[in-house]
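Next comes protein.cif, a file with mmCIF, C-alpha atoms.
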```
data_structure
#
loop_
_atom_site.label_atom_id
_atom_site.label_comp_id
_atom_site.auth_asym_id
_atom_site.auth_seq_id
_atom_site.Cartn_x
_atom_site.Cartn_y
_atom_site.Cartn_z
CA PRO A 1 147.75 148.78 79.35
CA ALA A 2 147.53 145.53 81.33
CA LYS A 3 144.03 146.25 82.59
CA THR A 4 142.71 146.69 79.07
CA ARG A 5 144.27 143.41 77.87
CA ASP A 6 142.82 141.63 80.89
CA GLN A 7 139.23 142.83 80.47
CA GLY A 8 138.06 139.67 78.69
CA TYR A 9 139.39 137.43 81.43
CA HIS A 10 137.91 139.46 84.27
CA ALA A 11 134.57 139.84 82.50
CA MET A 12 134.22 136.07 82.39
CA TYR A 13 135.08 135.58 86.06
CA ASP A 14 133.10 138.60 87.24
CA SER A 15 129.98 136.80 86.01
CA LEU A 16 131.09 133.36 87.15
CA PHE A 17 132.31 134.04 90.69
CA PRO A 18 128.96 135.15 92.16
CA LEU A 19 127.37 131.88 91.03
CA ILE A 20 130.26 129.84 92.42
CA LEU A 21 130.11 131.70 95.74
CA THR A 22 126.33 131.21 95.92
CA LEU A 23 126.70 127.46 95.38
CA LEU A 24 129.47 127.21 97.98
CA ASP A 25 127.47 129.27 100.46
CA ALA A 26 124.42 127.06 99.96
CA THR A 27 126.56 123.94 100.43
CA ILE A 28 128.08 125.26 103.66
CA HIS A 29 124.65 126.16 105.05
CA ALA A 30 123.34 122.71 104.14
CA ILE A 31 126.23 121.05 105.98
CA ILE A 32 125.68 123.26 109.05
CA HIS A 33 121.98 122.50 108.97
CA LEU A 34 122.65 118.76 108.82
CA SER A 35 125.10 119.01 111.72
CA ASN A 36 122.55 120.86 113.86
CA GLU A 37 119.81 118.41 113.03
CA THR A 38 121.90 115.41 114.12
CA LYS A 39 122.31 117.00 117.56
CA LYS A 40 118.59 117.36 118.10
CA THR A 41 116.46 114.72 119.78
CA THR A 42 113.37 113.83 117.83
CA SER A 43 110.59 111.34 118.30
CA ASN A 44 109.91 111.05 114.59
CA LYS A 45 113.00 109.03 113.63
CA LYS A 46 111.58 108.05 110.23
CA GLY A 47 110.87 111.66 109.29
CA PHE A 48 114.25 112.68 110.67
CA LYS A 49 116.00 110.06 108.50
CA MET A 50 114.14 111.09 105.35
CA LYS A 51 114.93 114.76 106.00
CA ASN A 52 118.64 113.98 106.42
CA GLN A 53 118.67 112.00 103.16
CA LYS A 54 117.23 115.00 101.32
CA VAL A 55 119.86 117.31 102.81
CA VAL A 56 122.69 114.93 101.89
CA THR A 57 121.35 114.68 98.33
CA LEU A 58 121.21 118.50 98.15
CA ILE A 59 124.82 118.78 99.33
CA ILE A 60 125.99 116.31 96.68
CA LEU A 61 124.14 118.19 93.94
CA LEU A 62 125.52 121.54 95.06
CA LEU A 63 129.08 120.25 95.21
CA SER A 64 128.74 118.66 91.78
CA ALA A 65 127.42 121.89 90.28
CA THR A 66 130.22 123.89 91.86
CA PHE A 67 132.83 121.52 90.45
CA ALA A 68 131.25 121.64 87.02
CA PHE A 69 131.32 125.42 86.91
CA THR A 70 134.91 125.71 88.18
CA SER A 71 136.50 122.92 86.11
CA CYS A 72 135.92 124.51 82.69
CA ASN A 73 135.65 128.03 81.32
CA ASP A 74 133.54 129.63 78.61
CA ASP A 75 136.02 128.74 75.84
CA GLY A 76 135.91 125.04 76.66
CA TYR A 77 139.41 124.83 78.18
CA SER A 78 139.75 122.41 81.08
CA LEU A 79 141.60 123.87 84.04
CA ASP A 80 143.34 120.56 84.75
CA LYS A 81 145.14 120.55 81.38
CA PHE A 82 148.49 122.20 80.64
CA TRP A 83 150.79 123.02 77.72
CA LEU A 84 154.60 122.94 77.51
CA GLU A 85 156.13 125.35 74.98
CA VAL A 86 159.34 127.30 74.37
CA GLY A 87 159.01 131.08 74.30
CA THR A 88 160.50 134.47 75.10
CA ILE A 89 159.64 136.77 78.00
CA GLU A 90 158.65 140.30 77.00
CA LYS A 91 158.44 142.59 80.02
CA THR A 92 156.02 145.45 79.46
CA SER A 93 156.71 146.98 82.90
CA ASP A 94 158.39 146.09 86.18
CA GLN A 95 155.25 144.25 87.27
CA ASP A 96 153.88 143.00 83.97
CA TYR A 97 154.99 140.67 81.21
CA ARG A 98 153.81 138.40 78.43
CA ILE A 99 155.21 135.29 76.78
CA ILE A 100 155.76 135.14 73.02
CA LEU A 101 155.76 131.47 72.07
CA ASP A 102 158.10 130.28 69.34
CA LYS A 103 155.07 128.81 67.57
CA GLY A 104 153.49 132.27 67.33
CA PRO A 105 150.77 132.77 69.99
CA VAL A 106 151.22 135.46 72.64
CA LEU A 107 150.23 134.63 76.23
CA TYR A 108 149.14 137.04 78.94
CA PRO A 109 149.61 135.62 82.49
CA SER A 110 146.39 136.52 84.27
CA VAL A 111 147.54 134.19 87.07
CA SER A 112 151.18 133.23 87.65
CA ASN A 113 153.07 130.99 90.06
CA VAL A 114 156.33 132.69 89.03
CA PRO A 115 157.16 136.10 90.61
CA VAL A 116 157.88 138.79 88.02
CA ARG A 117 161.06 139.83 89.83
CA TYR A 118 162.74 136.60 88.69
CA LEU A 119 162.12 137.34 85.02
CA GLU A 120 164.18 139.38 82.57
CA ASN A 121 163.27 140.89 79.25
CA ASN A 122 164.13 138.55 76.33
CA MET A 123 164.65 135.63 78.71
CA ARG A 124 164.20 132.31 76.95
CA VAL A 125 161.91 129.96 78.86
CA TYR A 126 160.26 126.56 78.75
CA ALA A 127 156.72 127.50 79.77
CA ASP A 128 154.22 125.28 81.59
CA PHE A 129 150.81 126.97 81.36
CA THR A 130 147.05 126.42 81.43
CA ILE A 131 144.84 128.34 79.02
CA LEU A 132 142.02 130.17 80.81
CA GLN A 133 140.42 132.03 77.93
CA ASP A 134 141.00 133.11 74.33
CA ALA A 135 141.55 136.82 73.83
CA ASN A 136 139.10 138.91 71.84
CA PRO A 137 139.84 139.46 68.11
CA GLY A 138 142.20 142.38 67.61
CA SER A 139 143.84 141.98 71.02
CA SER A 140 147.62 142.17 71.36
CA VAL A 141 147.59 138.72 72.97
CA ASP A 142 146.07 135.39 71.93
CA HIS A 143 145.34 133.66 75.23
CA TYR A 144 144.92 134.54 78.89
CA VAL A 145 146.71 131.85 80.88
CA ARG A 146 147.72 130.58 84.30
CA VAL A 147 151.51 130.19 84.36
CA ASN A 148 152.24 127.00 86.30
CA ASP A 149 156.02 127.14 85.94
CA LEU A 150 158.82 128.69 83.88
CA GLN A 151 162.19 127.04 83.36
CA LYS A 152 165.00 129.24 82.10
CA LEU A 153 166.50 127.99 78.84
CA LEU A 154 170.28 128.01 78.42
CA THR A 155 171.02 131.09 76.29
CA LYS A 156 174.49 132.03 75.03
CA PRO A 157 175.89 134.62 72.62
CA ILE A 158 177.36 133.51 69.30
CA VAL A 159 181.16 133.46 69.63
CA PRO A 160 183.44 134.87 66.88
CA TYR A 161 185.77 132.07 65.80
CA THR A 162 189.53 132.44 66.25
CA GLU A 163 192.33 129.90 66.29
CA ALA A 164 193.09 130.94 69.87
CA ILE A 165 189.80 129.50 71.17
CA ASN A 166 189.64 126.46 68.87
CA ASP A 167 190.86 123.95 71.46
CA SER A 168 188.66 125.28 74.26
CA LEU A 169 185.55 124.96 72.05
CA GLY A 170 186.10 121.20 71.89
CA MET A 171 185.48 118.74 69.09
CA ASP A 172 183.35 116.13 70.85
CA PRO A 173 180.41 114.54 68.97
CA ILE A 174 176.84 115.72 69.44
CA GLU A 175 173.51 115.24 67.69
CA LEU A 176 171.09 118.05 66.79
CA PRO A 177 167.79 116.30 65.99
CA GLU A 178 165.69 119.45 66.27
CA TYR A 179 166.38 123.12 65.56
CA TRP A 180 164.35 126.20 64.68
CA ILE A 181 164.47 130.00 64.43
CA ALA A 182 161.86 132.12 66.21
CA ASN A 183 161.77 135.51 67.95
CA ASP A 184 165.30 136.29 66.65
CA PHE A 185 166.78 133.22 68.36
CA ILE A 186 168.05 129.97 66.92
CA THR A 187 167.30 127.08 69.27
CA PHE A 188 168.71 123.56 69.28
CA ARG A 189 167.64 120.39 71.04
CA PHE A 190 170.82 118.37 71.40
CA PHE A 191 171.82 114.87 72.48
CA TYR A 192 175.20 113.94 73.91
CA ALA A 193 176.86 111.19 75.97
CA GLY A 194 178.19 111.70 79.46
CA GLY A 195 176.86 111.79 82.99
CA ALA A 196 179.73 112.66 85.36
CA LYS A 197 180.84 116.16 84.30
CA GLU A 198 179.30 119.39 83.07
CA HIS A 199 179.70 119.90 79.31
CA MET A 200 179.95 123.08 77.25
CA VAL A 201 178.26 123.91 73.94
CA ASN A 202 178.79 126.95 71.74
CA LEU A 203 177.84 128.36 68.37
CA THR A 204 180.76 130.09 66.69
CA LYS A 205 180.78 132.31 63.60
CA HIS A 206 183.59 132.20 61.04
CA GLU A 207 184.77 135.28 59.18
CA GLU A 208 184.82 133.57 55.79
CA LEU A 209 181.69 132.62 53.87
CA THR A 210 180.92 129.26 52.32
CA ALA A 211 181.51 128.62 48.58
CA ASP A 212 177.88 129.59 47.89
CA GLU A 213 178.23 132.74 50.06
CA LYS A 214 176.33 131.57 53.13
CA ILE A 215 177.26 132.56 56.68
CA LEU A 216 179.46 129.81 58.13
CA LEU A 217 178.70 128.74 61.70
CA GLU A 218 179.90 125.82 63.80
CA PHE A 219 178.11 124.12 66.70
CA ARG A 220 180.88 122.95 69.04
CA HIS A 221 180.79 120.61 72.04
CA ASN A 222 183.38 120.14 74.76
CA ALA A 223 182.78 117.08 76.98
CA TYR A 224 185.89 117.74 79.09
CA GLY A 225 186.78 114.05 78.96
CA ASP A 226 183.47 112.92 80.50
CA PRO A 227 182.99 109.13 80.01
CA GLU A 228 180.09 108.27 77.69
CA ASN A 229 178.03 106.50 80.35
CA LYS A 230 174.54 107.51 79.26
CA SER A 231 172.61 109.51 76.70
CA LEU A 232 171.59 113.01 77.78
CA TYR A 233 169.82 115.91 76.12
CA GLY A 234 169.34 119.65 76.49
CA TYR A 235 168.16 122.88 74.85
CA VAL A 236 170.18 125.96 74.01
CA SER A 237 169.28 129.25 72.32
CA PHE A 238 171.53 131.78 70.60
CA PRO A 239 170.39 135.36 69.80
CA LEU A 240 170.77 136.19 66.11
CA LYS A 241 169.83 139.86 66.05
CA GLU A 242 172.96 140.95 67.89
CA VAL A 243 175.18 139.40 65.21
CA PHE A 244 173.04 140.11 62.17
CA ASN A 245 171.64 143.51 63.17
CA GLU A 246 172.17 144.93 59.68
CA VAL A 247 170.07 142.25 57.98
CA THR A 248 166.74 143.68 56.81
CA ASP A 249 165.36 140.85 54.69
CA SER A 250 167.03 137.47 55.23
CA VAL A 251 170.38 135.72 55.48
CA GLN A 252 171.37 132.12 54.71
CA LEU A 253 173.12 130.21 57.51
CA HIS A 254 175.26 127.10 57.04
CA ILE A 255 175.93 125.30 60.33
CA LYS A 256 178.34 122.40 60.60
CA TYR A 257 178.88 120.07 63.56
CA LYS A 258 180.47 116.74 64.44
CA GLY A 259 177.87 113.96 64.74
CA PHE A 260 178.53 110.60 66.37
CA ASP A 261 179.12 108.87 63.05
CA GLU A 262 180.00 111.67 60.61
CA GLU A 263 180.29 115.40 60.00
CA ARG A 264 176.86 116.95 59.55
CA THR A 265 175.49 120.27 58.28
CA ILE A 266 172.35 122.37 58.65
CA ASP A 267 171.14 124.99 56.19
CA ILE A 268 168.56 127.43 57.52
CA THR A 269 167.31 130.94 56.71
CA TYR A 270 167.13 133.74 59.28
CA ARG A 271 164.53 136.46 58.76
CA PRO A 272 164.58 139.17 61.44
CA ARG A 273 161.42 139.61 63.41
CA LYS A 274 159.51 142.70 62.30
#
```

Target encoding structure tokens, full file:
Amino acid sequence: PAKTRDQGYHAMYDSLFPLILTLLDATIHAIIHLSNETKKTTSNKKGFKMKNQKVVTLIILLLSATFAFTSCNDDGYSLDKFWLEVGTIEKTSDQDYRIILDKGPVLYPSVSNVPVRYLENNMRVYADFTILQDANPGSSVDHYVRVNDLQKLLTKPIVPYTEAINDSLGMDPIELPEYWIANDFITFRFFYAGGAKEHMVNLTKHEELTADEKILLEFRHNAYGDPENKSLYGYVSFPLKEVFNEVTDSVQLHIKYKGFDEERTIDITYRPRK
């Protein structure tokens, strides 16, 4: 349950908040006291000045201590730092979710700037988050985080290749400098030239295998005649489990695409997530 996973996070702040509130309360009272003192008429101006200096010094110390306690947590993470990672949303209920990063760690959003109603199960996202605390050993998550923002990643199904759709898929050049498989998705970072029109990218699967019996795929790009005014980039993910749902161990993929200077290929292995 969510409450059980969140116990570590709340335990830390349950002990920290009273101290923070005490420091803030003391600071507020010191400021009120100083304000009242300045309104009073006193004959001992020297003593009045020295007293005010002590109060000001106390306020500065209290504010500094409050900032020190609120800027870092027990695990040494600074609350002004953030991470940017690609991951998949896993909704555990209508009001609860976690993020499985492509690099492996699982995040639980103890605090989130993104309403849950905008999220869907298996949604691919580019996550902006701040780590609040590491989870306890044996937990189903790795970090408790504050989700600063989530950007939805372009996600498309793999298209079965037919001659009828060949022209619409396009044959415009594209570069795929980065690609990886994680969470049953294959993701590409791609570069292309354009700037005036919206382009289309697809991953299509051929019926025939390669000579060495690998699955043959093609990454296709349609620029729709967009002039090559500037270099642009994007990310796209394709779900693999829907196409290779009968694979239990692994399958070899051979992906070909048209680069800017020559035809290029990618060989990669897909192992379904257990």

Problem set entry | Neighbour list for range 217-234 of chain A as an MDAnalysis selection string, cut-off 8 Å, all atoms listed in the file, skip fewer than 4 positions in-chain | chainID A and resid 168:174 189:206 253:258

Exercise. Between A:Ile99, A:Pro105, A:Asp261, A:Asp128, which is the closest to Lys81 in chain A once you count all atoms listed in the file?
Worked result: A:Asp128

Exercise. Written as number ranges by chain, which residues does the PyMOL selection byres ((chain A and resi 272) around 12) give for the file shown?
Worked result: A: 181-186, 239-252, 269-271, 273-274

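With distances restricted to all atoms listed in the file, A:Ala127 is the closest residue to Val114 in chain A from A:Leu176, A:Leu132, A:Ile158, A:Ala127.
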
Problem set entry | Nearest-residue call for Tyr108 in chain A, choices A:Phe238, A:Tyr144, A:Phe188, A:Phe129, using all atoms listed in the file | A:Tyr144

Seminar exercise, completed: Of A:Thr88, A:Ser140, A:Asn148, A:Ser93, the one nearest to Ser112 in chain A when counting all atoms listed in the file is A:Asn148

Problem set entry | Neighbour list for Met123 in chain A as number ranges by chain, cut-off 8 Å, all atoms listed in the file, skip fewer than 6 positions in-chain | A: 88-90, 152-153

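CA of Trp180 in chain A lies 17.0 Å from CA of Asn122 in chain A.
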
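The space between CA of Tyr118 in chain A and CA of Leu150 in chain A spans 10.1 Å.
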
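Using all atoms listed in the file, every residue with an atom at most 7 Å from the point (150.4, 135.0, 77.0) is listed here: Arg98, Ile99, Ile100, Val106, Leu107, Tyr108, Pro109, Val141, Asp142, His143, Tyr144 and Val145 of chain A.
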